[in-house]
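Asker: What follows is a single structure, and I will ask about it in a moment.
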Amino acid sequence: MNQIVSIGTSHHVAPIEFREKLAFSEAQLTESLQHLRESFQIHEAVILSTCNRVELYAVVNSVRTADAAAKMLVEFLSHYHRIGVGSLKKWTYLHHNLETIQHLFRVTASLDSMVVGESQILGQVKTAYDTSREASGGGAILNRLFTKAFSVGKRIRSETTIAAGAVSISYAAVELAKKIFNTLEGKTVAILGAGEMSELTAKHLVSNGVANVIVANRTYERAVKVAEKFNGTPMAYDSDLDFLIDADIVISSTDAPDYLIKRQPLVHIMRKRKHRYMFLIDIAVPRDIEPDVNKIDHAFLYNIDDLEAVVASNLKDRQQEANRAEQIVAEEAKRFYDQLQIFQVNPTIKALHQQFREIADTELQACFYKTTLSDQQEAAVASMTQAIVKKLLHHPMQNLRCAVNDGDADHGQYIQALQELFALDVNDDNSDV
Amino acid sequence: MINFLFLVTLLIYLAAGIFQTLSLAIGNRSEASLIRPAIERLAFWCTIIGFAFLTLFIALWWLQQGHFPMTHWTDSTAFFAWAITLIYLIIVRLTHLRTLGSFVMPVAFIAILISYSFATHTAALPEPLQNYWLLAHTTLIFLAYAAFIAAFGFGLMYLIAERKIRKKTDTLLDNLLPSLGVSDELGYRCTILGVILLTMGVIVGSLWTQYIRDVPWRWLDAKVISTFMTWFIYVVQIGLRQFCGWHGRRAAYAAIIGFVAVLCTYVGVDLFLDSMHTYR
């Protein structure tokens with residue numbers, strides 16, 4: 001019987017100083033998988049190395065105990081990265097069989113991520129899996145495990161809202177805009193004052209269909225400079241707000257001490273633009289936009305606190321959803337583990353059946369050759385033989401399956417005993433299944 | 001038999017109304033995010049089955065009466081519910097916005113409930129009025145009413161969504177409501193559809209008067225006047241939108257005022273004023 005073990009570290013347990021020491025570059029991945037195969041006889045392994053985590057999943061032969069298997073992985077990492085065993089033991093976690101399965105499912109479903117529900121991790125695990133498959137040809141058990149992990153990840157994303165709702169200020173702004181306008185296609189965004197946040201938000205808006213960018217500044221020259229970045233139209237700021245006539249979305253982030261956009265002039269502008277919707281985002285502190293602007297018909301104002309509240313509430317929702325996702329993970333991991341046990345027992349059962357049947361067939365043929373039975377008699381003898389084989393195998397097989405299903409630790413020994421007693425030839429890598 | 005069919009229809013509409021309201025009420029709250037789509041689907045299937053039953057009921061009722069049933073409140077309100085459901089189903093077919101049902105299906109249910117409470121009553125229709133003019137005239141008018149009720153539904157959706165955005169109470173319920181722009185636009189389209197249908201209905205009705213000989217007809221009929229007023233409210237609304245930028249919140253309020261006008265025309269006139277159009 002094989003066992004699945006894993007060792008790993010993540011932002012939850014270790015600081016960046018340790019994680020960077022443990023990280024694998026792309027070139028190192030292939031090399032280290034080869035090393036595992038040659039020096040440690042580990043034929044199935046996947047290494048996941050991202051900025052937040054480094055994890056090694058491996059299938060180890062059952063001859064070793066769980067502790068010995070873990071020790072082997074620690075030894076490998078310590079040897080490969082030249083890190084002391086002590087600090088490895090301090091900053092890493094070890095998982096065995098069911099725990100490993102559960103952990104991988106959690107990681108793939110991004111339940112273990114810094115931002116729960118983020119979408120990158122699924123792709124990262126896929127890449128890690130593909131790399132190791134190319135390097136080592138993969139193996140039956142990890143193939144099954146990772147394929148299952150991807151489907152569990154997808155199931156959680158579709159059955160829970162764990163990935164719903166923006167969790168950054170700039171995405172929250174885009175999401176809100178989508179709740180106001182029937183479409184963002186062809187809309188115009190105006191940026192007042194440059195800054196990383198406002199540029200990022202504008203970029204997201206453009207990639208969501210916003211067609212025109214207006215850049216306004218107190219000095220026209222500076223507006224020209226920023227406008228170049230977005231292929232936008234530079235405009236000079238004036239307190240009558242004429243530059244806002246065509247703007248559907250306004251992002252303001254200047255360091256001006258007073259309000260730059262006041263209610264009264266904006267009311268006039270709204271009338272001039274026939275009361276088309278205007279969404280104003282004020283991410284400046286001190287604020288750039290008079291709060292009363294939010295009272296104008298069809299003008300909606302969000303300041304930095306409002307946006308942060310949206311993000312916080314989305315994060316809270318995700319956290320709640322994470323609890324439901326954990327249940328799915330637990331249930332799927334248990335099911336997968338049980339299936340894996342049966343999957344590992346199957347070759348032995350199959351081989352035993354085959355052996356019995358072959359013996360019976362050989363003896364039957366010999367018997368038929370020596371005697372002169374009618375067709376009817378031959379058929380009767382043959383079916384009797386089949387029945388004997390079936391009944392002989394009935395109890396051992398049933399008990400073996402029970403042991404597996406009950407999670408009985410002895411079943412590994414049963415398998416071993418069967419293989420040795422009956423001299424069964426079983427492919428241990430399960431490649432025939 | 002026909003009464004039993006009607007009772008079943010009523011119960012299905014009740015279920016549709018309850019499920020629709022429930023689906024809106026629980027929103028996308030995380031503990032219900034698996035159940036809500038199921039409830040909404042259930043509500044929608046109830047609506048479709050209820051519509052089929054109602055169509056069957058009206059058809060049987062028609063056969064039993066021997067003429068298009070449009071004399072008593074029973075006939076009228078059942079047909080009203082039928083028109084509302086038809087317009088709703090067409091809108092869902094085109095836009096997939098099932099949430100609208102949470103606002104219009106309760107109205108349809110109340111209409112059927114009124115209809116059911118009169119179910120055993122019938123009234124004679126004067127011989128000269130039994131013709132296809134009646135069918136065309138009333139169908140157009142009721143479809144117009146249904147379109148106005150859909151516009152009313154979109155108006156309510158707009159106001160709820162706007163309130164949420166304005167108050168910054170961002171809950172997941174927002175996902176069920178379309179964006180302000182979409183509610184506004186669809187409400188406007190329903191209003192235009194309603195005005196076109198109402199205009200056609202009125203034209204058919206006034207042509208019809210040329211053919212009626214034996215029944216006294218007077219132009220200063222309460223229903224006629226109030227219909228013109230309703231028509232005027234909607235036309236002014238469209239004009240203000242086109243020329244003065246009255247969309248969004250104002251349009252939503254206008255849709256609600258229009259809804260009240262429709263109710264006054266449909267129900268109020270009959271109850272308090274004497275009219276040639278009165279249902280018995």
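Labels for the structure tokens follow display order: chains A, B, ..., residues from 1 in each chain, ligands from 1.
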Using only C-alpha atoms, which chain A residues lie at most 8 Å away from chain B, written as a list in words?
Answerer: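 So the contacting residues turn out to be Glu159, Thr160, Thr161, Lys178, Lys179, Ile180, Phe181, Asn182, Thr183, Lys274, His275, Arg276, Asn294, Asp297, His298, Phe300, Leu301, Asp306, Val310, Ser313, Asp317, Gln320 and Glu321 of chain A.
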Asker: For A:Ile349, please output as a PDB file with N, CA and C atoms, in the first residue's frame all residues within 12 Å (counting only C-alpha atoms; exclusion window: fewer than 2 positions along the same chain).
Answerer:
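Done, and the output landed in result_18.pdb:
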ATOM      1  N   ILE A 342      -9.714   1.639  -2.020  1.00  0.00           N
ATOM      2  CA  ILE A 342     -10.255   0.564  -2.845  1.00  0.00           C
ATOM      3  C   ILE A 342      -9.446   0.448  -4.129  1.00  0.00           C
ATOM      4  N   PHE A 343      -9.108   1.591  -4.675  1.00  0.00           N
ATOM      5  CA  PHE A 343      -8.328   1.634  -5.909  1.00  0.00           C
ATOM      6  C   PHE A 343      -6.989   0.931  -5.724  1.00  0.00           C
ATOM      7  N   GLN A 344      -6.442   1.034  -4.532  1.00  0.00           N
ATOM      8  CA  GLN A 344      -5.146   0.418  -4.295  1.00  0.00           C
ATOM      9  C   GLN A 344      -5.270  -1.070  -4.007  1.00  0.00           C
ATOM     10  N   VAL A 345      -6.455  -1.473  -3.507  1.00  0.00           N
ATOM     11  CA  VAL A 345      -6.659  -2.880  -3.176  1.00  0.00           C
ATOM     12  C   VAL A 345      -7.035  -3.658  -4.423  1.00  0.00           C
ATOM     13  N   ASN A 346      -7.712  -2.953  -5.353  1.00  0.00           N
ATOM     14  CA  ASN A 346      -8.250  -3.609  -6.535  1.00  0.00           C
ATOM     15  C   ASN A 346      -7.263  -4.495  -7.302  1.00  0.00           C
ATOM     16  N   PRO A 347      -6.040  -4.045  -7.579  1.00  0.00           N
ATOM     17  CA  PRO A 347      -5.122  -4.888  -8.356  1.00  0.00           C
ATOM     18  C   PRO A 347      -4.892  -6.242  -7.703  1.00  0.00           C
ATOM     19  N   ALA A 351      -5.890  -9.769  -9.241  1.00  0.00           N
ATOM     20  CA  ALA A 351      -4.875 -10.784  -9.498  1.00  0.00           C
ATOM     21  C   ALA A 351      -5.254 -12.109  -8.859  1.00  0.00           C
ATOM     22  N   LEU A 352      -5.816 -12.024  -7.657  1.00  0.00           N
ATOM     23  CA  LEU A 352      -6.210 -13.241  -6.949  1.00  0.00           C
ATOM     24  C   LEU A 352      -7.316 -13.965  -7.713  1.00  0.00           C
ATOM     25  N   HIS A 353      -8.324 -13.183  -8.120  1.00  0.00           N
ATOM     26  CA  HIS A 353      -9.417 -13.743  -8.901  1.00  0.00           C
ATOM     27  C   HIS A 353      -8.898 -14.422 -10.152  1.00  0.00           C
ATOM     28  N   GLN A 354      -7.992 -13.730 -10.803  1.00  0.00           N
ATOM     29  CA  GLN A 354      -7.488 -14.236 -12.065  1.00  0.00           C
ATOM     30  C   GLN A 354      -6.748 -15.553 -11.849  1.00  0.00           C
ATOM     31  N   GLN A 355      -5.956 -15.567 -10.787  1.00  0.00           N
ATOM     32  CA  GLN A 355      -5.188 -16.782 -10.506  1.00  0.00           C
ATOM     33  C   GLN A 355      -6.117 -17.970 -10.282  1.00  0.00           C
ATOM     34  N   PHE A 356      -7.135 -17.775  -9.458  1.00  0.00           N
ATOM     35  CA  PHE A 356      -8.077 -18.859  -9.152  1.00  0.00           C
ATOM     36  C   PHE A 356      -8.767 -19.325 -10.421  1.00  0.00           C
ATOM     37  N   LEU A 393     -13.641 -17.546  -2.632  1.00  0.00           N
ATOM     38  CA  LEU A 393     -13.109 -16.185  -2.537  1.00  0.00           C
ATOM     39  C   LEU A 393     -14.044 -15.227  -1.792  1.00  0.00           C
ATOM     40  N   HIS A 394     -15.288 -15.663  -1.619  1.00  0.00           N
ATOM     41  CA  HIS A 394     -16.288 -14.741  -1.101  1.00  0.00           C
ATOM     42  C   HIS A 394     -15.896 -14.095   0.236  1.00  0.00           C
ATOM     43  N   PRO A 396     -12.955 -14.058   2.110  1.00  0.00           N
ATOM     44  CA  PRO A 396     -11.728 -13.236   2.156  1.00  0.00           C
ATOM     45  C   PRO A 396     -11.919 -11.870   1.505  1.00  0.00           C
ATOM     46  N   MET A 397     -12.589 -11.859   0.329  1.00  0.00           N
ATOM     47  CA  MET A 397     -12.766 -10.588  -0.388  1.00  0.00           C
ATOM     48  C   MET A 397     -13.657  -9.639   0.401  1.00  0.00           C
ATOM     49  N   GLN A 398     -14.725 -10.199   0.937  1.00  0.00           N
ATOM     50  CA  GLN A 398     -15.657  -9.349   1.684  1.00  0.00           C
ATOM     51  C   GLN A 398     -14.969  -8.741   2.900  1.00  0.00           C
ATOM     52  N   ASN A 399     -14.220  -9.557   3.600  1.00  0.00           N
ATOM     53  CA  ASN A 399     -13.534  -9.069   4.795  1.00  0.00           C
ATOM     54  C   ASN A 399     -12.479  -8.024   4.444  1.00  0.00           C
ATOM     55  N   LEU A 400     -11.812  -8.261   3.323  1.00  0.00           N
ATOM     56  CA  LEU A 400     -10.795  -7.301   2.885  1.00  0.00           C
ATOM     57  C   LEU A 400     -11.443  -5.958   2.570  1.00  0.00           C
ATOM     58  N   ARG A 401     -12.550  -6.001   1.817  1.00  0.00           N
ATOM     59  CA  ARG A 401     -13.235  -4.750   1.464  1.00  0.00           C
ATOM     60  C   ARG A 401     -13.762  -4.046   2.713  1.00  0.00           C
ATOM     61  N   TYR A 414      -2.936  -7.209   5.229  1.00  0.00           N
ATOM     62  CA  TYR A 414      -3.720  -8.229   4.524  1.00  0.00           C
ATOM     63  C   TYR A 414      -3.235  -8.355   3.086  1.00  0.00           C
ATOM     64  N   ILE A 415      -3.127  -7.178   2.444  1.00  0.00           N
ATOM     65  CA  ILE A 415      -2.734  -7.168   1.041  1.00  0.00           C
ATOM     66  C   ILE A 415      -1.367  -7.807   0.873  1.00  0.00           C
ATOM     67  N   GLN A 416      -0.478  -7.379   1.755  1.00  0.00           N
ATOM     68  CA  GLN A 416       0.876  -7.891   1.706  1.00  0.00           C
ATOM     69  C   GLN A 416       0.867  -9.425   1.865  1.00  0.00           C
ATOM     70  N   LEU A 418      -1.608 -11.509   1.341  1.00  0.00           N
ATOM     71  CA  LEU A 418      -2.197 -12.169   0.169  1.00  0.00           C
ATOM     72  C   LEU A 418      -1.189 -12.276  -0.963  1.00  0.00           C
ATOM     73  N   GLN A 419      -0.504 -11.155  -1.197  1.00  0.00           N
ATOM     74  CA  GLN A 419       0.453 -11.149  -2.294  1.00  0.00           C
ATOM     75  C   GLN A 419       1.553 -12.175  -2.085  1.00  0.00           C
ATOM     76  N   PHE A 422       0.054 -16.061  -1.947  1.00  0.00           N
ATOM     77  CA  PHE A 422      -0.384 -16.612  -3.231  1.00  0.00           C
ATOM     78  C   PHE A 422       0.588 -16.285  -4.361  1.00  0.00           C
ATOM     79  N   LEU A 424       1.346 -13.499  -5.774  1.00  0.00           N
ATOM     80  CA  LEU A 424       0.662 -12.711  -6.794  1.00  0.00           C
ATOM     81  C   LEU A 424       1.631 -11.722  -7.421  1.00  0.00           C
ATOM     82  N   ASP A 425       1.447 -11.527  -8.710  1.00  0.00           N
ATOM     83  CA  ASP A 425       2.299 -10.545  -9.396  1.00  0.00           C
ATOM     84  C   ASP A 425       1.459  -9.278  -9.615  1.00  0.00           C
ATOM     85  N   VAL A 426       1.626  -8.299  -8.715  1.00  0.00           N
ATOM     86  CA  VAL A 426       0.811  -7.089  -8.791  1.00  0.00           C
ATOM     87  C   VAL A 426       1.694  -5.898  -9.128  1.00  0.00           C
TER      88      VAL A 426
END
Asker: If you run DSSP over the backbone, which residues in stretch 176-411 of chain A end up strand (DSSP E or B)? Put them as a ChimeraX atom specification.
Answerer: /A:188-192,212-217,233-236,249-252,261,278-282,289,299-303
Asker: Write a file of the just-selected residues containing C-alpha atoms, as an mmCIF file, in the first residue's frame.
Answerer:
data_model
loop_
_atom_site.group_PDB
_atom_site.id
_atom_site.type_symbol
_atom_site.label_atom_id
_atom_site.label_comp_id
_atom_site.auth_asym_id
_atom_site.auth_seq_id
_atom_site.Cartn_x
_atom_site.Cartn_y
_atom_site.Cartn_z
ATOM 1 C CA THR A 188 -16.025 58.216 -20.283
ATOM 2 C CA VAL A 189 -13.906 58.339 -17.146
ATOM 3 C CA ALA A 190 -12.334 61.550 -15.859
ATOM 4 C CA ILE A 191 -9.287 61.460 -13.608
ATOM 5 C CA LEU A 192 -8.596 64.430 -11.421
ATOM 6 C CA ASN A 212 -12.574 57.529 -23.186
ATOM 7 C CA VAL A 213 -10.259 58.886 -20.538
ATOM 8 C CA ILE A 214 -10.158 62.558 -19.614
ATOM 9 C CA VAL A 215 -7.285 63.770 -17.458
ATOM 10 C CA ALA A 216 -7.840 67.074 -15.691
ATOM 11 C CA ASN A 217 -5.308 69.027 -13.704
ATOM 12 C CA THR A 233 -7.640 63.823 -23.418
ATOM 13 C CA PRO A 234 -5.919 66.409 -21.227
ATOM 14 C CA MET A 235 -8.076 69.211 -19.817
ATOM 15 C CA ALA A 236 -7.523 72.079 -17.463
ATOM 16 C CA ILE A 249 -17.254 58.284 -13.983
ATOM 17 C CA VAL A 250 -15.032 60.679 -12.031
ATOM 18 C CA ILE A 251 -12.038 59.602 -9.969
ATOM 19 C CA SER A 252 -10.492 62.274 -7.797
ATOM 20 C CA ILE A 261 -15.968 69.540 -6.954
ATOM 21 C CA MET A 278 -22.487 60.283 -12.926
ATOM 22 C CA PHE A 279 -20.488 58.075 -10.583
ATOM 23 C CA LEU A 280 -17.933 59.985 -8.505
ATOM 24 C CA ILE A 281 -15.143 58.269 -6.631
ATOM 25 C CA ASP A 282 -13.260 60.373 -4.114
ATOM 26 C CA ILE A 289 -15.631 66.275 -3.499
ATOM 27 C CA ALA A 299 -25.024 61.572 -9.146
ATOM 28 C CA PHE A 300 -23.548 58.923 -6.854
ATOM 29 C CA LEU A 301 -20.574 59.683 -4.647
ATOM 30 C CA TYR A 302 -18.360 57.134 -2.935
ATOM 31 C CA ASN A 303 -15.365 58.129 -0.836
#
Asker: Give the answer as one residue: which of B:Ala255, B:Leu42, B:Leu56, B:Ala111 has the shortest atom-to-atom distance to B:Tyr234, using only C-alpha atoms?
Answerer: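 Closest candidate: B:Ala255.
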Asker: State, in Å with one decimal place, the distance from atom CA of A:Asp255 to atom CA of A:Val226.
Answerer: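 Straight-line distance from atom CA of A:Asp255 to atom CA of A:Val226 works out to 15.9 Å.
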Asker: Quick one: DSSP helix (DSSP H, G or I) residues in stretch 91-268 of chain A, as an MDAnalysis selection string?
Answerer: chainID A and resid 91 98:108 120:136 140:159 169:180 196:207 220:230 242:244 263:268
Asker: Counting only C-alpha atoms, figure out which residue out of B:Leu113, B:Ala144, B:Leu159, B:Ile238 gets nearest to B:Tyr266.
Answerer: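 Checking each of B:Leu113, B:Ala144, B:Leu159, B:Ile238 against B:Tyr266, counting only C-alpha atoms, the winner is B:Ala144.
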Asker: Write out as a CSV table (one decimal) with N, CA and C atoms, in the first residue's frame which residues come within 7 Å of B:Gly50 when counting only C-alpha atoms, dropping same-chain ones fewer than 3 positions away.
Answerer:
chain,number,residue,atom,x,y,z
B,9,THR,N,-55.8,26.8,-10.4
B,9,THR,CA,-55.1,27.9,-11.0
B,9,THR,C,-54.7,29.0,-9.9
B,12,ILE,N,-51.9,27.7,-7.7
B,12,ILE,CA,-50.6,27.8,-8.4
B,12,ILE,C,-50.1,29.2,-8.4
B,13,TYR,N,-51.0,30.1,-8.7
B,13,TYR,CA,-50.6,31.5,-8.7
B,13,TYR,C,-50.2,32.0,-7.3
B,46,CYS,N,-44.0,27.5,-11.6
B,46,CYS,CA,-45.4,27.8,-11.1
B,46,CYS,C,-46.0,28.8,-12.0
B,47,THR,N,-45.3,29.8,-12.4
B,47,THR,CA,-45.9,30.9,-13.3
B,47,THR,C,-46.3,30.3,-14.6
B,53,PHE,N,-52.8,26.8,-17.1
B,53,PHE,CA,-54.1,26.5,-16.5
B,53,PHE,C,-55.1,27.7,-16.7
B,54,LEU,N,-54.6,28.9,-16.5
B,54,LEU,CA,-55.4,30.1,-16.6
B,54,LEU,C,-56.0,30.2,-18.1
